[in-house]
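Next comes entry.tsv, with TSV, C-alpha atoms.
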```
chain	number	residue	atom	x	y	z
A	22	MET	CA	42.90	75.53	32.46
A	23	SER	CA	46.54	75.44	33.50
A	24	ALA	CA	45.82	72.69	35.99
A	25	HIS	CA	44.19	70.80	33.15
A	26	ASP	CA	47.33	71.31	31.05
A	27	GLU	CA	49.57	70.10	33.85
A	28	LEU	CA	47.44	67.00	34.13
A	29	HIS	CA	47.98	66.23	30.49
A	30	ALA	CA	51.70	66.90	30.76
A	31	HIS	CA	52.14	64.17	33.32
A	32	ASP	CA	50.15	61.55	31.48
A	33	ASP	CA	51.96	58.83	29.65
A	34	GLY	CA	50.66	59.83	26.26
A	35	HIS	CA	48.12	57.20	25.37
A	36	GLY	CA	45.12	58.65	23.61
A	37	HIS	CA	45.77	62.14	24.90
A	38	ASP	CA	46.71	63.53	21.54
A	39	ASP	CA	43.09	63.19	20.54
A	40	ASP	CA	42.49	66.78	21.55
A	41	LEU	CA	45.28	67.91	19.25
A	42	GLY	CA	43.62	66.28	16.27
A	43	ILE	CA	46.68	65.12	14.38
A	44	HIS	CA	47.90	61.54	14.21
A	45	ALA	CA	51.30	61.58	12.59
A	46	THR	CA	53.03	58.31	11.81
A	47	LEU	CA	56.60	57.52	10.87
A	48	SER	CA	55.49	55.61	7.79
A	49	GLY	CA	53.40	58.57	6.68
A	50	TYR	CA	56.31	61.01	6.97
A	51	MET	CA	58.73	58.62	5.26
A	52	THR	CA	56.29	57.97	2.40
A	53	GLY	CA	55.85	61.69	1.92
A	54	PHE	CA	59.59	62.31	2.09
A	55	VAL	CA	60.53	59.62	-0.44
A	56	LEU	CA	57.78	60.73	-2.84
A	57	SER	CA	58.77	64.39	-2.61
A	58	VAL	CA	62.47	63.55	-3.14
A	59	ILE	CA	61.54	61.67	-6.31
A	60	LEU	CA	59.23	64.47	-7.45
A	61	THR	CA	61.99	67.04	-6.79
A	62	VAL	CA	64.83	65.15	-8.45
A	63	ILE	CA	62.94	64.49	-11.70
A	64	PRO	CA	62.31	68.16	-12.68
A	65	PHE	CA	65.84	69.23	-11.65
A	66	TRP	CA	67.27	66.38	-13.73
A	67	LEU	CA	65.05	67.32	-16.68
A	68	VAL	CA	66.25	70.93	-16.67
A	69	MET	CA	69.88	70.59	-15.56
A	70	GLY	CA	70.53	67.61	-17.83
A	71	HIS	CA	68.82	69.30	-20.81
A	72	VAL	CA	66.76	66.16	-21.28
A	73	ILE	CA	63.84	67.84	-23.04
A	74	THR	CA	64.74	70.34	-25.71
A	75	LYS	CA	61.25	71.73	-26.23
A	76	SER	CA	60.62	74.41	-23.60
A	77	SER	CA	56.83	74.18	-23.57
A	78	THR	CA	56.87	70.41	-23.01
A	79	ALA	CA	59.39	70.79	-20.19
A	80	ALA	CA	57.31	73.57	-18.60
A	81	VAL	CA	54.15	71.46	-18.63
A	82	ILE	CA	55.98	68.49	-17.09
A	83	ILE	CA	57.57	70.69	-14.39
A	84	LEU	CA	54.21	72.22	-13.47
A	85	ALA	CA	52.51	68.83	-13.38
A	86	LEU	CA	55.21	67.38	-11.12
A	87	ALA	CA	55.00	70.45	-8.86
A	88	ALA	CA	51.24	70.02	-8.57
A	89	VAL	CA	51.65	66.35	-7.64
A	90	GLN	CA	54.34	67.21	-5.10
A	91	ILE	CA	52.13	69.87	-3.50
A	92	VAL	CA	49.37	67.27	-3.09
A	93	VAL	CA	51.89	64.84	-1.56
A	94	HIS	CA	53.01	67.51	0.93
A	95	MET	CA	49.40	68.35	1.77
A	96	ILE	CA	48.50	64.74	2.52
A	97	TYR	CA	51.64	63.40	4.22
A	98	PHE	CA	53.13	66.50	5.89
A	99	LEU	CA	50.12	68.76	6.50
A	100	HIS	CA	47.84	65.75	7.28
A	101	MET	CA	45.03	67.04	5.08
A	102	ASN	CA	41.97	64.90	4.63
A	103	ALA	CA	38.27	65.49	4.23
A	104	LYS	CA	37.57	64.68	7.89
A	105	SER	CA	40.14	66.82	9.74
A	106	GLU	CA	38.60	69.64	11.78
A	107	GLY	CA	35.16	68.44	10.76
A	108	GLY	CA	35.80	69.19	7.10
A	109	TRP	CA	36.41	72.93	7.62
A	110	ASN	CA	40.08	72.53	6.76
A	111	MET	CA	39.18	71.11	3.39
A	112	LEU	CA	36.53	73.76	2.80
A	113	ALA	CA	39.04	76.57	3.43
A	114	LEU	CA	41.56	74.83	1.21
A	115	VAL	CA	39.12	74.40	-1.67
A	116	PHE	CA	38.06	78.05	-1.41
A	117	THR	CA	41.72	79.13	-1.41
A	118	ILE	CA	42.54	76.96	-4.42
A	119	VAL	CA	39.66	78.56	-6.34
A	120	LEU	CA	40.96	82.06	-5.50
A	121	VAL	CA	44.55	81.10	-6.34
A	122	VAL	CA	43.54	79.69	-9.72
A	123	ILE	CA	41.48	82.79	-10.52
A	124	THR	CA	44.34	85.11	-9.46
A	125	LEU	CA	47.04	83.26	-11.37
A	126	SER	CA	45.24	82.36	-14.56
A	127	GLY	CA	43.31	85.63	-14.69
A	128	SER	CA	46.39	87.83	-14.21
A	129	ILE	CA	48.54	85.95	-16.70
A	130	TRP	CA	45.76	85.69	-19.27
A	131	ILE	CA	44.73	89.37	-19.12
A	132	MET	CA	48.25	90.75	-18.97
A	133	TYR	CA	49.35	88.54	-21.86
A	134	HIS	CA	46.57	89.96	-24.02
A	135	LEU	CA	47.28	93.51	-22.91
A	136	ASN	CA	50.92	92.98	-23.80
A	137	SER	CA	50.23	91.56	-27.22
A	138	ASN	CA	47.73	94.32	-27.99
A	139	MET	CA	50.02	97.10	-26.81
A	140	MET	CA	53.35	96.10	-28.25
A	141	PRO	CA	55.30	97.09	-30.12
A	142	SER	CA	53.48	99.04	-32.85
A	143	MET	CA	51.27	101.03	-30.47
A	144	MET	CA	54.22	101.83	-28.25
A	145	ASP	CA	56.16	103.28	-31.17
A	146	PRO	CA	55.96	107.10	-30.93
A	147	SER	CA	55.88	107.48	-34.73
A	148	ASN	CA	52.59	105.60	-34.84
A	149	LEU	CA	50.92	107.95	-32.41
A	150	PRO	CA	48.47	110.43	-33.91
B	3	MET	CA	24.96	75.90	30.61
B	4	SER	CA	21.32	75.73	31.60
B	5	ASP	CA	21.84	78.59	34.04
B	6	MET	CA	23.10	80.75	31.24
B	7	THR	CA	20.12	79.87	29.09
B	8	THR	CA	17.71	80.87	31.81
B	9	SER	CA	19.44	84.16	32.45
B	10	MET	CA	19.34	84.99	28.77
B	11	THR	CA	15.56	84.63	28.53
B	12	PRO	CA	14.11	87.27	30.78
B	13	GLY	CA	10.36	87.34	31.20
B	14	SER	CA	9.94	83.66	30.65
B	15	GLY	CA	9.35	83.04	34.30
B	16	GLY	CA	5.96	81.41	33.96
B	17	ARG	CA	6.86	79.07	31.17
B	18	THR	CA	7.75	75.51	31.69
B	19	GLU	CA	10.01	75.21	28.69
B	20	GLN	CA	12.88	77.58	28.10
B	21	LEU	CA	13.32	79.68	25.03
B	22	LEU	CA	16.61	78.83	23.35
B	23	PHE	CA	18.19	81.67	21.46
B	24	HIS	CA	21.51	79.93	20.99
B	25	GLU	CA	22.69	76.43	20.29
B	26	SER	CA	23.75	74.73	23.43
B	27	THR	CA	25.89	72.13	21.68
B	28	ASP	CA	29.29	72.82	20.17
B	29	HIS	CA	29.33	73.04	16.43
B	30	HIS	CA	32.87	74.29	16.07
B	31	PRO	CA	35.60	71.67	15.96
B	32	ALA	CA	37.18	70.69	19.24
B	33	ASN	CA	40.47	72.25	18.25
B	34	GLY	CA	39.83	75.81	17.17
B	35	THR	CA	43.43	76.99	17.23
B	36	LEU	CA	44.67	74.61	14.57
B	37	LEU	CA	41.74	75.44	12.31
B	38	GLY	CA	42.28	79.17	12.84
B	39	PHE	CA	45.95	78.78	12.04
B	40	TRP	CA	45.04	76.86	8.92
B	41	VAL	CA	42.80	79.74	7.82
B	42	TYR	CA	45.74	82.12	8.38
B	43	LEU	CA	47.92	79.89	6.22
B	44	MET	CA	45.31	79.96	3.48
B	45	SER	CA	45.29	83.78	3.58
B	46	ASP	CA	49.09	83.69	3.40
B	47	CYS	CA	48.68	81.41	0.41
B	48	LEU	CA	46.74	84.22	-1.32
B	49	ILE	CA	49.65	86.63	-0.76
B	50	PHE	CA	51.95	84.18	-2.45
B	51	ALA	CA	49.42	83.64	-5.24
B	52	CYS	CA	49.52	87.39	-5.98
B	53	LEU	CA	53.32	87.40	-5.96
B	54	PHE	CA	53.40	84.34	-8.23
B	55	ALA	CA	50.95	86.07	-10.56
B	56	ALA	CA	53.19	89.18	-10.61
B	57	TYR	CA	56.18	87.01	-11.42
B	58	GLY	CA	54.19	85.13	-14.06
B	59	VAL	CA	53.37	88.44	-15.77
B	60	LEU	CA	56.78	90.13	-15.36
B	61	GLY	CA	59.15	87.16	-15.28
B	62	ARG	CA	60.30	87.59	-18.87
B	63	GLU	CA	60.55	91.39	-18.91
B	64	TYR	CA	64.30	91.79	-18.70
B	65	ALA	CA	64.48	95.48	-19.82
B	66	GLY	CA	67.76	94.76	-21.58
B	67	GLY	CA	69.26	93.53	-18.32
B	68	PRO	CA	70.41	90.06	-17.32
B	69	THR	CA	68.05	87.21	-18.16
B	70	ALA	CA	66.91	84.47	-15.79
B	71	GLN	CA	69.16	82.01	-17.63
B	72	GLU	CA	72.18	84.21	-16.95
B	73	VAL	CA	71.66	84.96	-13.26
B	74	LEU	CA	69.83	81.98	-11.73
B	75	GLU	CA	72.16	79.23	-10.55
B	76	LEU	CA	70.42	75.88	-10.39
B	77	PRO	CA	73.04	73.93	-8.34
B	78	ALA	CA	72.62	76.40	-5.45
B	79	VAL	CA	68.85	76.08	-5.73
B	80	ALA	CA	69.15	72.29	-5.69
B	81	VAL	CA	71.13	72.49	-2.43
B	82	ASN	CA	68.56	74.91	-1.00
B	83	THR	CA	65.68	72.63	-1.96
B	84	THR	CA	67.44	69.68	-0.34
B	85	LEU	CA	67.94	71.65	2.89
B	86	LEU	CA	64.28	72.65	3.07
B	87	LEU	CA	63.03	69.17	2.24
B	88	LEU	CA	65.30	67.64	4.90
B	89	SER	CA	64.09	70.22	7.42
B	90	SER	CA	60.51	69.15	6.66
B	91	ILE	CA	61.18	65.52	7.50
B	92	THR	CA	63.23	66.40	10.62
B	93	TYR	CA	60.30	68.53	11.81
B	94	GLY	CA	58.14	65.46	11.21
B	95	PHE	CA	60.45	63.49	13.52
B	96	ALA	CA	60.06	66.24	16.13
B	97	VAL	CA	56.26	65.87	15.94
B	98	LEU	CA	56.57	62.09	16.28
B	99	ALA	CA	58.78	62.52	19.37
B	100	MET	CA	56.21	64.97	20.76
B	101	GLN	CA	53.41	62.42	20.27
B	102	ARG	CA	55.36	59.97	22.41
B	103	ASN	CA	55.99	62.74	24.98
B	104	ARG	CA	59.74	62.48	24.59
B	105	GLN	CA	60.97	65.99	25.21
B	106	ASN	CA	64.72	65.71	24.58
B	107	PRO	CA	64.56	63.90	21.21
B	108	MET	CA	61.91	66.43	20.20
B	109	LEU	CA	64.18	69.35	21.09
B	110	VAL	CA	67.11	67.76	19.24
B	111	TRP	CA	65.03	67.35	16.08
B	112	LEU	CA	63.76	70.90	16.45
B	113	VAL	CA	67.33	72.22	16.69
B	114	ILE	CA	68.34	70.21	13.60
B	115	THR	CA	65.34	71.62	11.74
B	116	GLY	CA	66.34	75.13	12.77
B	117	LEU	CA	69.93	74.60	11.59
B	118	LEU	CA	68.73	73.32	8.20
B	119	GLY	CA	66.43	76.34	7.92
B	120	ALA	CA	69.28	78.66	8.87
B	121	GLY	CA	71.42	77.03	6.16
B	122	PHE	CA	68.65	77.68	3.65
B	123	ILE	CA	68.44	81.37	4.61
B	124	THR	CA	72.23	81.75	4.52
B	125	LEU	CA	72.44	80.33	0.99
B	126	GLU	CA	69.53	82.49	-0.15
B	127	LEU	CA	71.07	85.67	1.30
B	128	ARG	CA	74.36	84.83	-0.40
B	129	GLU	CA	72.52	84.43	-3.69
B	130	PHE	CA	70.81	87.79	-3.20
B	131	ALA	CA	74.10	89.48	-2.26
B	132	HIS	CA	75.75	88.01	-5.34
B	133	LEU	CA	72.94	89.22	-7.61
B	134	ILE	CA	73.06	92.73	-6.17
B	135	SER	CA	76.85	92.83	-6.43
B	136	ILE	CA	76.78	92.06	-10.18
B	137	GLY	CA	74.24	94.84	-10.74
B	138	ALA	CA	71.22	92.54	-10.91
B	139	GLY	CA	69.42	94.06	-7.92
B	140	PRO	CA	65.65	94.43	-7.67
B	141	GLN	CA	65.78	97.87	-9.33
B	142	ARG	CA	67.34	96.54	-12.55
B	143	SER	CA	64.28	95.12	-14.33
B	144	ALA	CA	60.70	94.01	-13.81
B	145	PHE	CA	61.89	90.40	-13.81
B	146	LEU	CA	64.33	91.05	-10.97
B	147	SER	CA	61.80	93.16	-9.01
B	148	SER	CA	59.21	90.38	-9.05
B	149	PHE	CA	61.89	87.74	-8.43
B	150	PHE	CA	63.23	89.49	-5.34
B	151	THR	CA	59.73	90.19	-4.02
B	152	LEU	CA	58.54	86.60	-4.37
B	153	VAL	CA	61.68	84.78	-3.21
B	154	GLY	CA	62.34	87.44	-0.56
B	155	THR	CA	58.85	87.11	0.90
B	156	HIS	CA	59.33	83.36	1.16
B	157	GLY	CA	62.71	83.89	2.81
B	158	LEU	CA	61.14	86.34	5.26
B	159	HIS	CA	58.57	83.69	6.20
B	160	VAL	CA	61.33	81.13	6.77
B	161	THR	CA	63.15	83.67	8.97
B	162	CYS	CA	59.98	84.18	11.01
B	163	GLY	CA	59.68	80.41	11.31
B	164	LEU	CA	63.23	80.24	12.66
B	165	ILE	CA	62.51	82.93	15.26
B	166	TRP	CA	59.34	81.07	16.25
B	167	MET	CA	61.38	77.87	16.56
B	168	VAL	CA	63.84	79.52	18.98
B	169	VAL	CA	60.93	80.88	21.04
B	170	LEU	CA	59.25	77.47	21.09
B	171	ILE	CA	62.45	75.71	22.18
B	172	THR	CA	62.72	78.21	25.04
B	173	GLN	CA	59.09	77.64	26.01
B	174	VAL	CA	59.50	73.86	26.02
B	175	LEU	CA	62.68	74.14	28.07
B	176	LYS	CA	60.89	76.30	30.65
B	177	LYS	CA	57.47	74.62	30.81
B	178	GLY	CA	57.99	71.16	29.36
B	179	LEU	CA	55.72	69.40	26.92
B	180	ILE	CA	52.44	70.83	28.18
B	181	THR	CA	49.35	70.82	25.95
B	182	ALA	CA	49.79	74.49	25.07
B	183	ASN	CA	53.33	73.84	23.84
B	184	LYS	CA	52.19	70.81	21.87
B	185	ARG	CA	49.57	72.97	20.18
B	186	ARG	CA	52.21	75.58	19.34
B	187	LEU	CA	54.47	72.88	17.98
B	188	LEU	CA	51.69	71.64	15.70
B	189	CYS	CA	50.96	75.20	14.51
B	190	LEU	CA	54.63	75.72	13.67
B	191	SER	CA	54.59	72.32	11.99
B	192	MET	CA	51.84	73.49	9.66
B	193	PHE	CA	53.67	76.78	9.05
B	194	TRP	CA	56.94	75.01	8.24
B	195	HIS	CA	55.40	72.42	5.91
B	196	PHE	CA	53.37	75.17	4.26
B	197	LEU	CA	56.59	77.07	3.49
B	198	ASP	CA	57.94	73.91	1.91
B	199	VAL	CA	54.83	73.74	-0.28
B	200	VAL	CA	55.40	77.36	-1.36
B	201	TRP	CA	59.05	76.56	-2.08
B	202	VAL	CA	57.93	73.73	-4.40
B	203	GLY	CA	56.10	76.41	-6.38
B	204	VAL	CA	59.11	78.74	-6.26
B	205	PHE	CA	61.72	76.30	-7.49
B	206	SER	CA	59.41	74.92	-10.19
B	207	PHE	CA	57.84	78.13	-11.45
B	208	VAL	CA	60.67	80.63	-10.90
B	209	TYR	CA	63.93	78.73	-11.13
B	210	LEU	CA	63.33	75.67	-13.30
B	211	MET	CA	60.90	77.32	-15.73
B	212	GLY	CA	62.90	80.56	-15.65
B	213	VAL	CA	66.04	79.00	-17.06
B	214	LEU	CA	64.20	77.18	-19.86
B	215	PRO	CA	65.22	78.68	-23.22
```
Full structure transcribed into structure tokens:
Amino acid sequence: MSAHDELHAHDDGHGHDDDLGIHATLSGYMTGFVLSVILTVIPFWLVMGHVITKSSTAAVIILALAAVQIVVHMIYFLHMNAKSEGGWNMLALVFTIVLVVITLSGSIWIMYHLNSNMMPSMMDPSNLP
Amino acid sequence: MSDMTTSMTPGSGGRTEQLLFHESTDHHPANGTLLGFWVYLMSDCLIFACLFAAYGVLGREYAGGPTAQEVLELPAVAVNTTLLLLSSITYGFAVLAMQRNRQNPMLVWLVITGLLGAGFITLELREFAHLISIGAGPQRSAFLSSFFTLVGTHGLHVTCGLIWMVVLITQVLKKGLITANKRRLLCLSMFWHFLDVVWVGVFSFVYLMGVLP
């Protein structure tokens, strides 16, 4: 195996990255970088410049921009596509996204309801039997 | 391969065709390491999902202590975000140099990436030290506990990435750009870009949404 590696090391690098599976390009990285700079500057500007006064609107916009930026990073920096690693990459990612969504939305939803059902009247000692 | 098949089917001496108990063709992708590392990253993603969920639940429970608006400083976070984003693109340049088998430019870009990452960690540690010094340590309120856990775990990952980077630079200096080192470089590339993805969630969900009134 090491002899095999040495062989690769002394090659001039044409077509030998096939076994490493990733084909990064300068244009790809630059596209991703410019997009993510734009998608980072907008939410910071929105919050630091107090552009939107309504908190809920600002929160939705921030989350939407973050979601778009995560997709940009996935495609241009992590080289995700449906074909890489024979599709297993994408399968693992989809499974993870499902679990993440369940964890996040489930926790926040349940705990919000627990909070609103527990507080403050039930927490008040004078209301206890 | 056919020898192995024969040896695995004892008692089939008289038969003309062999019994196949296993698939003789490869069904796994050619590059198992990168896929395995990706699966690790996805499991890491679940850790962060739990920490984000904890912060989502506890992020507004100030217990009479300092609020997010009072203690989180957005200009410092903006600088931190810039550093991490720049380190992502410089790592990209390192990968491009690796693809063209140019070792020295690759090492230079790797060092620049490491310095940017070190700058990120320095700023984050200063922020933590400042918070603790004004009495807003992790023990003060549920908000600060979940904040320190989430941001600290991310910082710990970045620190591990920096250590890995130093090790990788040493390996490349000793062995050159052999295939094994290229594979390691691509694994670290995924790790580093993944941390940037997590940071996008941190600065959006924790910092920007935290300071909203």
**Message:** Env of range 155-164 of chain B: 10 Å cut, atoms = only C-alpha atoms, seq-sep filter 5 positions within chain, self excluded. Answer as a VMD selection string.
**Reply:** chain B and resid 46 49 to 50 53 86 113 115 to 120 122 to 124 126 to 127 149 to 150 169 to 170 190 to 191 193 to 194 197 to 198 200 to 201 204
Pull C-alpha atoms from the residues just selected and write them as an mmCIF file, keeping the file's coordinate frame.
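Saved to again.cif:
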```
data_model
loop_
_atom_site.group_PDB
_atom_site.id
_atom_site.type_symbol
_atom_site.label_atom_id
_atom_site.label_comp_id
_atom_site.auth_asym_id
_atom_site.auth_seq_id
_atom_site.Cartn_x
_atom_site.Cartn_y
_atom_site.Cartn_z
ATOM 1 C CA ASP B 46 49.090 83.690 3.400
ATOM 2 C CA ILE B 49 49.650 86.630 -0.760
ATOM 3 C CA PHE B 50 51.950 84.180 -2.450
ATOM 4 C CA LEU B 53 53.320 87.400 -5.960
ATOM 5 C CA LEU B 86 64.280 72.650 3.070
ATOM 6 C CA VAL B 113 67.330 72.220 16.690
ATOM 7 C CA THR B 115 65.340 71.620 11.740
ATOM 8 C CA GLY B 116 66.340 75.130 12.770
ATOM 9 C CA LEU B 117 69.930 74.600 11.590
ATOM 10 C CA LEU B 118 68.730 73.320 8.200
ATOM 11 C CA GLY B 119 66.430 76.340 7.920
ATOM 12 C CA ALA B 120 69.280 78.660 8.870
ATOM 13 C CA PHE B 122 68.650 77.680 3.650
ATOM 14 C CA ILE B 123 68.440 81.370 4.610
ATOM 15 C CA THR B 124 72.230 81.750 4.520
ATOM 16 C CA GLU B 126 69.530 82.490 -0.150
ATOM 17 C CA LEU B 127 71.070 85.670 1.300
ATOM 18 C CA PHE B 149 61.890 87.740 -8.430
ATOM 19 C CA PHE B 150 63.230 89.490 -5.340
ATOM 20 C CA VAL B 169 60.930 80.880 21.040
ATOM 21 C CA LEU B 170 59.250 77.470 21.090
ATOM 22 C CA LEU B 190 54.630 75.720 13.670
ATOM 23 C CA SER B 191 54.590 72.320 11.990
ATOM 24 C CA PHE B 193 53.670 76.780 9.050
ATOM 25 C CA TRP B 194 56.940 75.010 8.240
ATOM 26 C CA LEU B 197 56.590 77.070 3.490
ATOM 27 C CA ASP B 198 57.940 73.910 1.910
ATOM 28 C CA VAL B 200 55.400 77.360 -1.360
ATOM 29 C CA TRP B 201 59.050 76.560 -2.080
ATOM 30 C CA VAL B 204 59.110 78.740 -6.260
#
```
Each residue of chain A lying at most 6 Å from chain B should get a row with its shortest atom-to-atom pair and the distance in Å to one decimal, counting all atoms listed in the file; could you produce that, ordered by chain and increasing number, as JSON lines?
```
{"residue": "A:Asp26", "atom": "CA", "partner": "B:Thr181", "partner_atom": "CA", "distance": 5.5}
{"residue": "A:Ala30", "atom": "CA", "partner": "B:Ile180", "partner_atom": "CA", "distance": 4.8}
{"residue": "A:Ser76", "atom": "CA", "partner": "B:Leu214", "partner_atom": "CA", "distance": 5.9}
{"residue": "A:Ala80", "atom": "CA", "partner": "B:Met211", "partner_atom": "CA", "distance": 5.9}
{"residue": "A:Ile91", "atom": "CA", "partner": "B:Val199", "partner_atom": "CA", "distance": 5.7}
{"residue": "A:Leu99", "atom": "CA", "partner": "B:Met192", "partner_atom": "CA", "distance": 5.9}
{"residue": "A:Glu106", "atom": "CA", "partner": "B:Pro31", "partner_atom": "CA", "distance": 5.5}
{"residue": "A:Val121", "atom": "CA", "partner": "B:Ala51", "partner_atom": "CA", "distance": 5.6}
{"residue": "A:Leu125", "atom": "CA", "partner": "B:Ala55", "partner_atom": "CA", "distance": 4.9}
{"residue": "A:Ile129", "atom": "CA", "partner": "B:Val59", "partner_atom": "CA", "distance": 5.5}
```
**Complete:** Using only C-alpha atoms, the residue out of A:Thr117, A:Gly108, A:Lys75, A:Val58 with shortest distance to Gln90 in chain A is A:Val58
**Prompt:** Suppose you want the space between CA of Phe130 in chain B and CA of Leu60 in chain A; what is it in Å?
**Reply:**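 Straight-line distance from CA of Phe130 in chain B to CA of Leu60 in chain A works out to 26.4 Å.
In this model, the gap between CA of Trp130 in chain A and CA of Leu84 in chain A comes to 16.9 Å.
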**Message:** I'd like the interatomic distance between CA of Met167 in chain B and CA of Leu109 in chain B, to a tenth of an Å.
**Reply:**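 Spanning CA of Met167 in chain B to CA of Leu109 in chain B is a straight-line distance of 10.0 Å.
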**Request:** Write out as a list in words each polymer residue whose atoms come within 10 Å of Leu56 in chain A, counting only C-alpha atoms; drop sequence neighbours fewer than 4 positions from it.
**Result:**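 Skipping anything fewer than 4 positions along the chain leaves Tyr50, Met51, Thr52, Leu60, Thr61, Val89, Gln90, Val93, His94 and Tyr97 of chain A.
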Please, could you write that set of residues out with C-alpha atoms as a PDB file, keeping the file's coordinate frame?
```pdb
ATOM      1  CA  TYR A  50      56.310  61.010   6.970  1.00  0.00           C
ATOM      2  CA  MET A  51      58.730  58.620   5.260  1.00  0.00           C
ATOM      3  CA  THR A  52      56.290  57.970   2.400  1.00  0.00           C
ATOM      4  CA  LEU A  60      59.230  64.470  -7.450  1.00  0.00           C
ATOM      5  CA  THR A  61      61.990  67.040  -6.790  1.00  0.00           C
ATOM      6  CA  VAL A  89      51.650  66.350  -7.640  1.00  0.00           C
ATOM      7  CA  GLN A  90      54.340  67.210  -5.100  1.00  0.00           C
ATOM      8  CA  VAL A  93      51.890  64.840  -1.560  1.00  0.00           C
ATOM      9  CA  HIS A  94      53.010  67.510   0.930  1.00  0.00           C
ATOM     10  CA  TYR A  97      51.640  63.400   4.220  1.00  0.00           C
TER      11      TYR A  97
END
```
**Asked** With distances taken over all atoms listed in the file, which of A:Asn110, A:Thr74, A:Ser57, A:Thr46 is nearest to Ala87 in chain A?
**Response** A:Ser57
**Item:** Near-Ile73 in chain A list (12 Å; all atoms listed in the file; drop same-chain fewer than 3 positions) as an MDAnalysis selection string
**Value:** (chainID A and resid 63:70 76:83) or (chainID B and resid 214:215)
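If you measure from each of B:Ala144, B:Ala96, B:Ala138, B:Glu129 to Ile114 in chain B using all atoms listed in the file, the closest one turns out to be B:Ala96.
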